[in-house]
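**Student:** I am sharing data.txt, which consists of compact mmCIF, C-alpha atoms and all ligand atoms:
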```
# COMPACT_ATOMS: atom_id res chain seq x y z
CA MET A 4 -17.22 -1.38 -8.12
CA ASP A 5 -15.45 1.67 -9.48
CA LYS A 6 -11.69 1.54 -9.46
CA LYS A 7 -9.89 3.71 -6.91
CA VAL A 8 -8.43 6.89 -8.33
CA ILE A 9 -4.75 7.73 -8.38
CA LEU A 10 -3.10 11.03 -9.21
CA SER A 11 0.55 11.95 -9.29
CA GLY A 12 3.00 14.09 -11.23
CA ILE A 13 6.56 15.22 -11.68
CA GLN A 14 7.82 18.72 -12.34
CA ALA A 15 9.45 19.54 -15.65
CA THR A 16 12.44 21.19 -14.04
CA GLY A 17 15.26 18.95 -15.26
CA ASN A 18 16.24 15.56 -16.57
CA LEU A 19 14.58 12.79 -14.63
CA THR A 20 16.74 10.72 -12.32
CA LEU A 21 16.95 7.16 -11.13
CA GLY A 22 15.42 8.53 -7.90
CA ASN A 23 12.35 9.76 -9.79
CA TYR A 24 12.07 6.38 -11.48
CA LEU A 25 12.54 4.15 -8.44
CA GLY A 26 10.67 6.43 -6.03
CA ALA A 27 7.72 7.35 -8.23
CA ILE A 28 7.33 6.15 -11.84
CA ARG A 29 8.12 2.51 -11.09
CA ASN A 30 5.23 2.36 -8.63
CA TRP A 31 2.90 4.07 -11.08
CA ILE A 32 3.53 1.34 -13.60
CA GLN A 33 2.67 -1.33 -11.10
CA MET A 34 -0.62 0.43 -10.35
CA GLN A 35 -1.89 1.05 -13.86
CA ASP A 36 -4.01 -2.09 -14.13
CA GLU A 37 -5.65 -1.94 -10.76
CA TYR A 38 -6.51 1.77 -10.50
CA ASP A 39 -7.97 4.62 -12.51
CA CYS A 40 -4.75 6.60 -12.88
CA TYR A 41 -4.13 10.26 -13.69
CA TYR A 42 -0.48 11.13 -14.26
CA MET A 43 0.41 14.69 -15.09
CA ILE A 44 3.45 16.71 -15.95
CA ALA A 45 3.52 19.44 -13.30
CA ASP A 46 4.50 22.23 -15.66
CA LEU A 47 2.79 24.94 -13.57
CA HIS A 48 4.79 23.93 -10.52
CA SER A 49 7.94 24.24 -12.64
CA LEU A 50 7.32 27.99 -12.86
CA THR A 51 8.23 28.41 -9.20
CA VAL A 52 11.85 28.48 -10.37
CA ARG A 53 13.15 30.40 -13.39
CA ASN A 54 13.15 28.60 -16.73
CA GLU A 55 13.90 29.50 -20.31
CA PRO A 56 10.45 29.25 -21.97
CA GLU A 57 11.70 27.05 -24.81
CA VAL A 58 13.56 24.81 -22.39
CA LEU A 59 10.49 24.36 -20.22
CA ARG A 60 8.39 23.34 -23.22
CA LYS A 61 11.06 20.87 -24.26
CA ARG A 62 11.38 19.45 -20.76
CA ALA A 63 7.64 18.93 -20.49
CA MET A 64 7.75 16.75 -23.61
CA GLN A 65 10.80 14.93 -22.26
CA VAL A 66 8.98 14.09 -19.04
CA LEU A 67 6.03 12.81 -21.06
CA ALA A 68 8.38 10.69 -23.18
CA ILE A 69 10.01 9.26 -20.04
CA TYR A 70 6.58 8.34 -18.62
CA LEU A 71 5.74 6.45 -21.79
CA ALA A 72 9.18 4.91 -22.28
CA SER A 73 9.09 3.65 -18.69
CA GLY A 74 5.96 1.69 -19.49
CA LEU A 75 2.98 3.91 -18.67
CA ASP A 76 0.34 2.88 -21.17
CA PRO A 77 -1.62 5.89 -22.53
CA ASP A 78 -4.62 3.63 -23.16
CA LYS A 79 -4.79 2.59 -19.52
CA ASN A 80 -3.79 5.89 -17.87
CA THR A 81 -4.83 9.49 -18.30
CA ILE A 82 -1.59 11.31 -19.06
CA PHE A 83 -1.71 15.09 -19.39
CA LEU A 84 -0.13 18.47 -18.80
CA GLN A 85 -1.22 20.22 -15.62
CA SER A 86 -1.52 23.56 -17.43
CA HIS A 87 -4.05 22.09 -19.86
CA VAL A 88 -6.67 21.58 -17.18
CA ASP A 89 -7.88 24.93 -15.85
CA ALA A 90 -9.68 23.27 -12.96
CA HIS A 91 -6.32 23.00 -11.16
CA THR A 92 -5.77 26.75 -11.01
CA LYS A 93 -9.42 27.44 -10.25
CA LEU A 94 -9.37 25.11 -7.29
CA ASN A 95 -5.95 26.44 -6.29
CA TRP A 96 -7.45 29.86 -5.69
CA ILE A 97 -10.31 28.51 -3.63
CA LEU A 98 -8.02 26.35 -1.52
CA ASN A 99 -5.66 29.29 -0.95
CA CYS A 100 -8.49 30.80 1.03
CA TYR A 101 -8.67 27.71 3.25
CA THR A 102 -4.93 27.35 3.90
CA TYR A 103 -3.13 29.18 6.68
CA MET A 104 0.16 31.00 6.33
CA GLY A 105 1.35 29.20 9.46
CA GLU A 106 0.82 25.81 7.79
CA LEU A 107 2.75 26.82 4.70
CA ASN A 108 5.52 28.27 6.85
CA ARG A 109 6.22 24.80 8.23
CA MET A 110 6.89 23.21 4.84
CA THR A 111 10.46 21.91 4.66
CA GLN A 112 10.53 21.98 0.85
CA PHE A 113 9.80 25.71 0.95
CA LYS A 114 12.66 26.23 3.36
CA ASP A 115 15.06 24.13 1.25
CA LYS A 116 14.07 25.74 -2.04
CA SER A 117 14.22 29.25 -0.58
CA ALA A 118 17.76 28.57 0.55
CA LYS A 119 18.65 27.29 -2.93
CA HIS A 120 16.98 30.16 -4.77
CA ALA A 121 17.61 33.03 -2.36
CA ASP A 122 17.25 35.56 -5.19
CA ASN A 123 13.79 34.32 -6.14
CA ILE A 124 11.68 33.50 -3.10
CA ASN A 125 8.39 34.08 -4.89
CA SER A 126 4.93 33.50 -3.49
CA GLY A 127 4.40 30.60 -5.92
CA LEU A 128 7.14 28.76 -4.09
CA PHE A 129 5.35 29.50 -0.84
CA THR A 130 1.91 28.38 -2.03
CA TYR A 131 3.30 25.43 -4.04
CA PRO A 132 1.61 22.87 -1.73
CA VAL A 133 -1.80 24.49 -2.29
CA LEU A 134 -1.57 23.94 -6.04
CA MET A 135 -0.48 20.40 -5.31
CA ALA A 136 -3.50 19.95 -3.05
CA ALA A 137 -5.68 21.29 -5.88
CA ASP A 138 -4.10 18.79 -8.32
CA ILE A 139 -5.05 15.93 -6.04
CA LEU A 140 -8.43 17.10 -4.75
CA ALA A 141 -9.71 18.15 -8.19
CA TYR A 142 -9.84 14.42 -9.02
CA ASN A 143 -10.93 13.15 -5.63
CA ALA A 144 -7.87 10.93 -5.78
CA ASP A 145 -7.77 8.12 -3.22
CA LEU A 146 -4.05 7.46 -3.48
CA VAL A 147 -1.03 9.56 -4.39
CA PRO A 148 2.12 7.58 -5.17
CA VAL A 149 5.16 9.76 -4.43
CA GLY A 150 8.62 9.61 -2.91
CA ASP A 151 9.24 10.23 0.76
CA ASP A 152 10.06 13.94 0.29
CA GLN A 153 6.43 14.63 -0.62
CA ARG A 154 4.99 13.21 2.60
CA GLN A 155 4.52 16.64 4.20
CA HIS A 156 2.71 17.95 1.11
CA LEU A 157 0.29 15.06 1.34
CA GLU A 158 -0.36 15.83 4.99
CA ILE A 159 -1.25 19.45 4.28
CA THR A 160 -3.48 18.30 1.41
CA ARG A 161 -5.40 16.09 3.82
CA ASP A 162 -5.65 18.93 6.35
CA ILE A 163 -7.03 21.32 3.72
CA ALA A 164 -9.52 18.71 2.49
CA GLU A 165 -10.70 17.91 6.00
CA ARG A 166 -11.08 21.60 6.83
CA PHE A 167 -13.15 22.18 3.70
CA ASN A 168 -15.32 19.12 4.35
CA GLY A 169 -15.78 20.30 7.93
CA ILE A 170 -17.23 23.61 6.75
CA TYR A 171 -19.22 22.54 3.67
CA GLY A 172 -19.95 18.85 4.27
CA GLU A 173 -18.45 15.83 2.47
CA THR A 174 -16.88 17.20 -0.69
CA PHE A 175 -13.38 15.85 -1.04
CA VAL A 176 -12.06 12.35 -0.67
CA ILE A 177 -9.24 12.43 1.89
CA PRO A 178 -6.28 11.18 -0.13
CA GLU A 179 -3.56 8.90 1.14
CA ALA A 180 0.09 8.99 0.25
CA TYR A 181 1.40 5.80 -1.29
CA ILE A 182 5.07 5.70 -0.34
CA ALA A 183 6.83 2.43 -1.06
CA LYS A 184 8.86 0.82 1.72
CA GLN A 185 11.94 0.53 -0.47
CA GLY A 186 13.15 3.21 -2.85
CA ALA A 187 11.11 6.12 -1.50
CA ARG A 188 14.33 7.99 -0.86
CA ILE A 189 17.19 7.17 -3.20
CA MET A 190 20.21 9.06 -1.94
CA GLY A 191 22.92 10.88 -3.85
CA LEU A 192 25.94 8.80 -4.92
CA GLN A 193 28.39 11.42 -3.67
CA ASP A 194 26.43 12.50 -0.61
CA PRO A 195 24.40 9.50 0.53
CA THR A 196 22.91 11.53 3.38
CA ALA A 197 20.92 13.75 0.98
CA LYS A 198 18.35 12.64 -1.61
CA MET A 199 19.31 12.26 -5.25
CA SER A 200 17.79 15.30 -6.90
CA LYS A 201 17.44 16.31 -10.53
CA SER A 202 18.47 19.87 -9.70
CA SER A 203 21.68 18.80 -7.95
CA THR A 204 24.76 20.74 -9.06
CA ASN A 205 27.14 17.82 -8.58
CA LEU A 206 26.51 15.62 -11.63
CA ASN A 207 28.35 12.65 -10.11
CA ASP A 208 25.75 12.62 -7.35
CA VAL A 209 22.92 11.83 -9.75
CA ILE A 210 22.12 9.09 -12.25
CA PHE A 211 19.99 10.60 -14.98
CA LEU A 212 17.75 8.21 -16.88
CA THR A 213 19.35 9.52 -20.06
CA ASP A 214 22.97 9.02 -18.94
CA SER A 215 25.13 6.97 -21.30
CA PRO A 216 26.23 3.49 -20.12
CA ASP A 217 29.77 4.80 -19.68
CA ASP A 218 28.65 7.71 -17.53
CA ILE A 219 26.55 5.37 -15.41
CA ARG A 220 29.53 3.04 -14.88
CA LYS A 221 31.81 5.96 -14.02
CA LYS A 222 29.35 7.44 -11.55
CA PHE A 223 28.89 4.13 -9.72
CA LYS A 224 32.66 3.62 -9.60
CA LYS A 225 33.03 7.00 -7.93
CA ALA A 226 30.11 6.43 -5.53
CA VAL A 227 31.00 7.19 -1.93
CA THR A 228 31.04 4.10 0.33
CA ASP A 229 33.06 3.40 3.52
CA SER A 230 36.24 1.61 4.54
CA GLU A 231 34.73 -1.70 5.69
CA ASN A 232 34.69 -3.21 2.19
CA CYS A 233 31.81 -5.48 3.14
CA VAL A 234 28.41 -5.42 1.39
CA ARG A 235 26.14 -5.10 4.40
CA TYR A 236 22.90 -3.14 4.85
CA ASP A 237 23.15 -0.55 7.60
CA LYS A 238 21.52 2.74 6.69
CA GLU A 239 22.92 4.62 9.69
CA SER A 240 26.58 3.70 9.59
CA LYS A 241 26.86 2.65 5.92
CA PRO A 242 24.56 5.03 4.03
CA GLY A 243 26.49 4.80 0.74
CA VAL A 244 26.55 1.00 0.44
CA SER A 245 22.99 0.71 1.77
CA ASN A 246 21.81 3.11 -0.94
CA LEU A 247 23.52 1.09 -3.66
CA MET A 248 21.99 -2.07 -2.21
CA THR A 249 18.56 -0.47 -2.36
CA ILE A 250 19.06 0.43 -6.02
CA TYR A 251 20.37 -3.04 -6.86
CA GLY A 252 17.63 -4.76 -4.87
CA LEU A 253 14.79 -2.79 -6.45
CA ILE A 254 15.95 -3.43 -9.98
CA GLU A 255 16.76 -7.10 -9.45
CA GLY A 256 13.85 -7.83 -7.12
CA LYS A 257 16.20 -9.00 -4.35
CA SER A 258 16.05 -8.49 -0.60
CA MET A 259 18.91 -6.95 1.38
CA ASP A 260 19.66 -10.40 2.87
CA GLU A 261 19.93 -11.96 -0.54
CA ILE A 262 22.29 -9.23 -1.71
CA GLU A 263 24.49 -9.61 1.36
CA LYS A 264 24.77 -13.35 0.67
CA GLU A 265 25.47 -12.80 -3.01
CA PHE A 266 28.44 -10.57 -2.25
CA VAL A 267 29.98 -12.40 0.71
CA GLY A 268 33.75 -12.22 0.34
CA LYS A 269 33.52 -9.78 -2.56
CA GLY A 270 34.62 -6.18 -2.32
CA TYR A 271 32.94 -2.92 -3.23
CA GLY A 272 34.57 -2.88 -6.68
CA ASP A 273 32.62 -5.96 -7.75
CA PHE A 274 29.43 -4.80 -6.14
CA LYS A 275 29.57 -1.35 -7.74
CA ASN A 276 30.22 -2.86 -11.17
CA LYS A 277 27.33 -5.24 -10.82
CA THR A 278 25.03 -2.43 -9.68
CA ALA A 279 26.09 -0.26 -12.62
CA GLU A 280 25.38 -3.14 -15.00
CA VAL A 281 21.84 -3.75 -13.74
CA VAL A 282 21.10 -0.03 -13.99
CA VAL A 283 22.49 0.11 -17.55
CA LYS A 284 20.40 -2.92 -18.49
CA LYS A 285 17.32 -1.26 -17.05
CA VAL A 286 17.74 2.15 -18.68
CA GLN A 287 18.96 1.10 -22.12
CA PRO A 288 15.60 -0.08 -23.51
CA LEU A 289 13.95 2.88 -21.80
CA GLN A 290 16.33 5.26 -23.57
CA GLU A 291 15.69 3.65 -26.95
CA LYS A 292 11.95 4.16 -26.61
CA TYR A 293 12.50 7.65 -25.20
CA TYR A 294 14.50 8.90 -28.21
CA GLU A 295 12.08 7.27 -30.61
CA LEU A 296 9.16 9.05 -28.95
CA LEU A 297 10.89 12.44 -28.98
CA GLU A 298 11.18 12.10 -32.73
CA ASN A 299 7.44 11.75 -32.97
CA PRO A 300 6.00 14.97 -31.50
CA GLU A 301 2.65 14.31 -33.21
CA LYS A 302 2.20 11.11 -31.27
CA LEU A 303 3.10 12.86 -28.01
CA ARG A 304 0.61 15.58 -28.79
CA GLU A 305 -2.14 13.10 -29.51
CA ILE A 306 -1.51 11.47 -26.14
CA TYR A 307 -1.50 14.65 -24.06
CA GLU A 308 -4.54 16.05 -25.86
CA LYS A 309 -6.53 12.90 -25.27
CA GLY A 310 -5.36 12.90 -21.64
CA ALA A 311 -6.35 16.53 -21.05
CA LYS A 312 -9.81 15.92 -22.44
CA LYS A 313 -10.43 13.07 -20.06
CA ALA A 314 -8.83 14.86 -17.11
CA ARG A 315 -10.92 18.01 -17.72
CA LYS A 316 -14.11 16.01 -17.62
CA ARG A 317 -13.49 14.63 -14.16
CA ALA A 318 -11.86 17.73 -12.65
CA ASN A 319 -14.44 20.20 -13.98
CA GLU A 320 -17.27 18.29 -12.36
CA ILE A 321 -15.57 18.26 -8.98
CA VAL A 322 -14.48 21.88 -9.12
CA ASN A 323 -17.96 23.03 -10.18
CA GLU A 324 -19.32 21.34 -7.09
CA VAL A 325 -16.76 23.22 -4.99
CA TYR A 326 -17.75 26.50 -6.67
CA ARG A 327 -21.37 25.88 -5.75
CA LYS A 328 -20.54 24.98 -2.19
CA VAL A 329 -18.55 28.14 -1.51
CA GLY A 330 -21.29 30.33 -2.99
CA LEU A 331 -20.13 31.08 -6.52
CA ILE A 332 -22.52 31.02 -9.47
CA VAL A 333 -21.37 28.28 -11.82
CA ASP A 334 -21.30 29.38 -15.44
CA GLU A 335 -22.11 26.12 -17.25
P1 LIG B 1 13.96 18.91 -7.81
O1 LIG B 1 15.40 18.63 -7.61
O2 LIG B 1 13.65 19.81 -8.97
O3 LIG B 1 13.23 19.24 -6.54
P2 LIG B 1 13.30 16.12 -7.72
O4 LIG B 1 14.36 15.28 -8.34
O5 LIG B 1 13.21 16.14 -6.25
O6 LIG B 1 13.36 17.56 -8.32
P3 LIG B 1 10.47 16.07 -8.12
O7 LIG B 1 9.84 16.56 -9.38
O8 LIG B 1 10.38 16.97 -6.94
O9 LIG B 1 11.95 15.63 -8.36
O10 LIG B 1 9.85 14.66 -7.74
C1 LIG B 1 9.09 13.83 -8.58
C2 LIG B 1 8.77 12.55 -7.87
O11 LIG B 1 9.95 11.78 -7.68
C3 LIG B 1 8.19 12.75 -6.46
O12 LIG B 1 7.23 11.75 -6.22
C4 LIG B 1 9.37 12.59 -5.58
O13 LIG B 1 9.01 12.19 -4.29
C5 LIG B 1 10.13 11.49 -6.31
N1 LIG B 1 11.56 11.57 -6.03
C6 LIG B 1 12.39 12.58 -6.33
N2 LIG B 1 13.64 12.32 -5.94
C7 LIG B 1 13.60 11.08 -5.35
C8 LIG B 1 14.57 10.25 -4.75
N3 LIG B 1 15.83 10.63 -4.64
N4 LIG B 1 14.18 9.05 -4.27
C9 LIG B 1 12.91 8.65 -4.37
N5 LIG B 1 11.93 9.38 -4.93
C10 LIG B 1 12.26 10.59 -5.42
N1 LIG B 2 5.42 18.36 -5.82
C1 LIG B 2 5.58 17.12 -6.54
C2 LIG B 2 5.06 17.18 -7.93
C3 LIG B 2 3.59 17.28 -7.89
C4 LIG B 2 2.69 16.26 -7.46
C5 LIG B 2 1.40 16.83 -7.58
C6 LIG B 2 2.85 14.97 -7.00
C7 LIG B 2 2.85 18.36 -8.22
N2 LIG B 2 1.53 18.09 -8.05
C8 LIG B 2 0.27 16.11 -7.21
C9 LIG B 2 1.71 14.25 -6.63
C10 LIG B 2 0.43 14.82 -6.74
C11 LIG B 2 7.03 16.78 -6.57
O1 LIG B 2 7.29 15.65 -6.75
N3 LIG B 2 7.91 17.67 -6.39
```
Take the structure I supplied and represent it as structure tokens, if you would.
**Tutor:**
Amino acid sequence: MDKKVILSGIQATGNLTLGNYLGAIRNWIQMQDEYDCYYMIADLHSLTVRNEPEVLRKRAMQVLAIYLASGLDPDKNTIFLQSHVDAHTKLNWILNCYTYMGELNRMTQFKDKSAKHADNINSGLFTYPVLMAADILAYNADLVPVGDDQRQHLEITRDIAERFNGIYGETFVIPEAYIAKQGARIMGLQDPTAKMSKSSTNLNDVIFLTDSPDDIRKKFKKAVTDSENCVRYDKESKPGVSNLMTIYGLIEGKSMDEIEKEFVGKGYGDFKNKTAEVVVKKVQPLQEKYYELLENPEKLREIYEKGAKKARKRANEIVNEVYRKVGLIVDE
């Protein structure tokens, strides 16, 4: 039987965070043997906010290097740049015509990003989820591993796919979000009620995968907790400590119960230090590989070119079928 297909991606809008790793990339790595995986760098989505052209190009290669350094094997996965596969933008246009303004108006990410970029509320930001739907549907992906913040975008993707299938007959696979139970929403270290985000302006709120060991230790020391001084999981009343426990638990493979037992009678100081150490131990080898890869742009290029070739093959076939169904003449 054919393997199920997976597609996911991350925007090239900043340095990747521990949230991106624990919420997304970590799951991708666990899926690479069992599924036929397509992982892209969402460079077109990055254009919805302003970037320096050179910086965007650099960031795209950094995201690729993080994918590889985290353990995504380019021989097992198709790794590519979104902008290298025209099928995404072709399907984006078609799907625009099957998406309602009212649906897009309900998207919370659009509302959040419009508030953050009040001087640049462009229509790309508004139709962002349609391009994302095109990314997914152009591969007939079965599963889309993402963090919790992308849940709504997956729902609209399913709605668009179902609407299209309803009009033209079975065309798209209806994709499912794969959102892990733990780690799907790593919170900020300074504001544990909001998600850790790579575009955050408070640097102490975010652990970047490229932070130095000292910075990581400092940031965990400063992490906001509470006055109970007891390592206990309670997301509602102890969001800070619960977030640190989630991070610690995911990296060490421990349950919340086990962590509570481990730290009985110990204060937050100890717990924060221990959490910082497991994070440092996790990111150090990743960083070594990352810097090594960035020094080898030829190798990176080889990987993304090979990936694009494979991605184009699958996506072109599916998008040509869509062209035919809506009444366009396919130029083959
Ligand atoms: P931005 O701040 O630019 O919106 P971001 O940090 O939210 O960026 P995205 O590119 O939007 O990152 O997300 C990439 C992937 O990482 C998505 O699957 C997203 O759900 C996941 N992700 C992002 N932040 C977190 C987080 N704090 N916890 C868990 N998963 C996350
Ligand atoms: N919007 C996503 C990035 C993204 C994506 C996708 C994720 C763009 N296209 C397709 C999964 C599938 C985000 O994480 N901000």
**Student:** So the first atom is CA of Met135 (chain A) and the second is CA of Asn246 (chain A); what is the distance between them in Å, to one decimal place?
**Tutor:**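 Computing the Euclidean distance for CA of Met135 (chain A) and CA of Asn246 (chain A) yields 28.5 Å.
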**Student:** Please build the interface table for region 10-73 of chain A against region 293-305 of chain A with a cut-off of 6 Å, listing for each qualifying residue the nearest atom pair and the distance in Å to one decimal; count only C-alpha atoms, order rows by chain and increasing number, and write it as a tab-separated table.
**Tutor:**
```
residue	atom	partner	partner_atom	distance
A:Ala68	CA	A:Tyr293	CA	5.5
A:Ile69	CA	A:Tyr293	CA	6.0
A:Ala72	CA	A:Tyr293	CA	5.2
```
**Student:** Residues at most 8 Å from ligand LIG 1 (chain B), using all atoms listed in the file? Could they come as an NGL selection string?
**Tutor:** :A and (11-17 or 19-28 or 45 or 116 or 148-153 or 186-191 or 198-203)
**Student:** Excluding same-chain residues fewer than 6 positions from Gly268 (chain A), what lies within 10 Å of it counting only C-alpha atoms, as a ChimeraX atom specification?
**Tutor:** /A:232-234
**Student:** Hey, which of A:Thr102, A:Asn276, A:Asn207, A:Asn143 ends up closest to Phe167 (chain A)? Count all atoms listed in the file.
**Tutor:** A:Thr102
**Student:** For Ala311 (chain A), which of A:Glu173, A:Asp89, A:Glu165, A:Glu179 is the closest residue, counting all atoms listed in the file?
**Tutor:**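 Among A:Glu173, A:Asp89, A:Glu165, A:Glu179, it is A:Asp89 that comes nearest to Ala311 (chain A).
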**Student:** Give as an MDAnalysis selection string each residue that has an atom at most 12 Å from (8.2, 27.8, -5.6) in the file, counting only C-alpha atoms.
**Tutor:** chainID A and resid 14 16 47:53 107 110 112:135
**Student:** Counting all atoms listed in the file, what is within 9 Å of Ile219 (chain A), bar same-chain residues fewer than 3 positions away, as a short mmCIF file (atom, residue, chain, number, x, y, z; two decimals) with C-alpha atoms, keeping the file's coordinate frame?
**Tutor:**
```
data_model
loop_
_atom_site.label_atom_id
_atom_site.label_comp_id
_atom_site.auth_asym_id
_atom_site.auth_seq_id
_atom_site.Cartn_x
_atom_site.Cartn_y
_atom_site.Cartn_z
CA ILE A 210 22.12 9.09 -12.25
CA PHE A 211 19.99 10.60 -14.98
CA ASP A 214 22.97 9.02 -18.94
CA SER A 215 25.13 6.97 -21.30
CA PRO A 216 26.23 3.49 -20.12
CA LYS A 222 29.35 7.44 -11.55
CA PHE A 223 28.89 4.13 -9.72
CA LYS A 224 32.66 3.62 -9.60
CA ALA A 279 26.09 -0.26 -12.62
CA GLU A 280 25.38 -3.14 -15.00
CA VAL A 282 21.10 -0.03 -13.99
CA VAL A 283 22.49 0.11 -17.55
#
```
**Student:** Which residue, A:Ala183, A:Leu289, A:Leu10, A:Val244, has the smallest gap to Gly270 (chain A) when you use all atoms listed in the file?
**Tutor:**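 The shortest atom-to-atom distance to Gly270 (chain A) comes from A:Val244.
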**Student:** When you draw a straight line from CA of Ile177 (chain A) to CA of Val8 (chain A), how long is it in Å?
**Tutor:**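 Separation between CA of Ile177 (chain A) and CA of Val8 (chain A): 11.7 Å.
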**Student:** Using all atoms listed in the file, I'd like a table of the residues in region 45-120 of chain A that come within 12 Å of region 322-334 of chain A; for each, show the closest atom pair and its distance in Å rounded to one decimal, ordered by chain and ascending number, as a Markdown table.
**Tutor:**
```
| residue | atom | partner | partner_atom | distance |
| --- | --- | --- | --- | --- |
| A:Val88 | CA | A:Val322 | CA | 11.2 |
| A:Asp89 | CA | A:Val322 | CA | 9.9 |
| A:Ala90 | CA | A:Val322 | CA | 6.3 |
| A:His91 | CA | A:Val322 | CA | 8.5 |
| A:Thr92 | CA | A:Val322 | CA | 10.2 |
| A:Lys93 | CA | A:Val322 | CA | 7.6 |
| A:Leu94 | CA | A:Val322 | CA | 6.3 |
| A:Asn95 | CA | A:Val322 | CA | 10.1 |
| A:Trp96 | CA | A:Tyr326 | CA | 10.9 |
| A:Ile97 | CA | A:Tyr326 | CA | 8.3 |
| A:Leu98 | CA | A:Val325 | CA | 9.9 |
| A:Cys100 | CA | A:Val329 | CA | 10.7 |
| A:Tyr101 | CA | A:Val329 | CA | 11.0 |
```
**Student:** Provide the atom C5 of ligand LIG 2 (chain B) to CA of Asp138 (chain A) distance in Å, to one decimal place.
**Tutor:**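 Between these atoms lies a distance of 5.9 Å.
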**Student:** Mind checking which residues fall within 9 Å of region 235-237 of chain A, counting only C-alpha atoms, ignoring those fewer than 3 positions away in the same chain, and posting them as a list in words?
**Tutor:**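 Counting only C-alpha atoms, the residues come to Ser240, Lys241, Pro242, Val244, Ser245, Asn246, Met248, Thr249, Met259, Asp260, Ile262, Glu263 and Phe266 of chain A.
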**Student:** Output as lines of an AutoDock Vina configuration file the centre and edge lengths (Å, one decimal) of the box along x, y and z of the file that holds every listed atom of ligand LIG 2 (chain B) after adding 4 Å on each side.
**Tutor:**
```
center_x = 4.1
center_y = 16.3
center_z = -7.0
size_x = 15.6
size_y = 12.1
size_z = 10.4
```
**Student:** Counting only C-alpha atoms and all ligand atoms, which residue out of A:Ile44, A:Leu71, A:Ala314, A:Ile306 sits closest to ligand LIG 2 (chain B)?
**Tutor:**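 With only C-alpha atoms and all ligand atoms as the atom set, the closest residue is A:Ile44.
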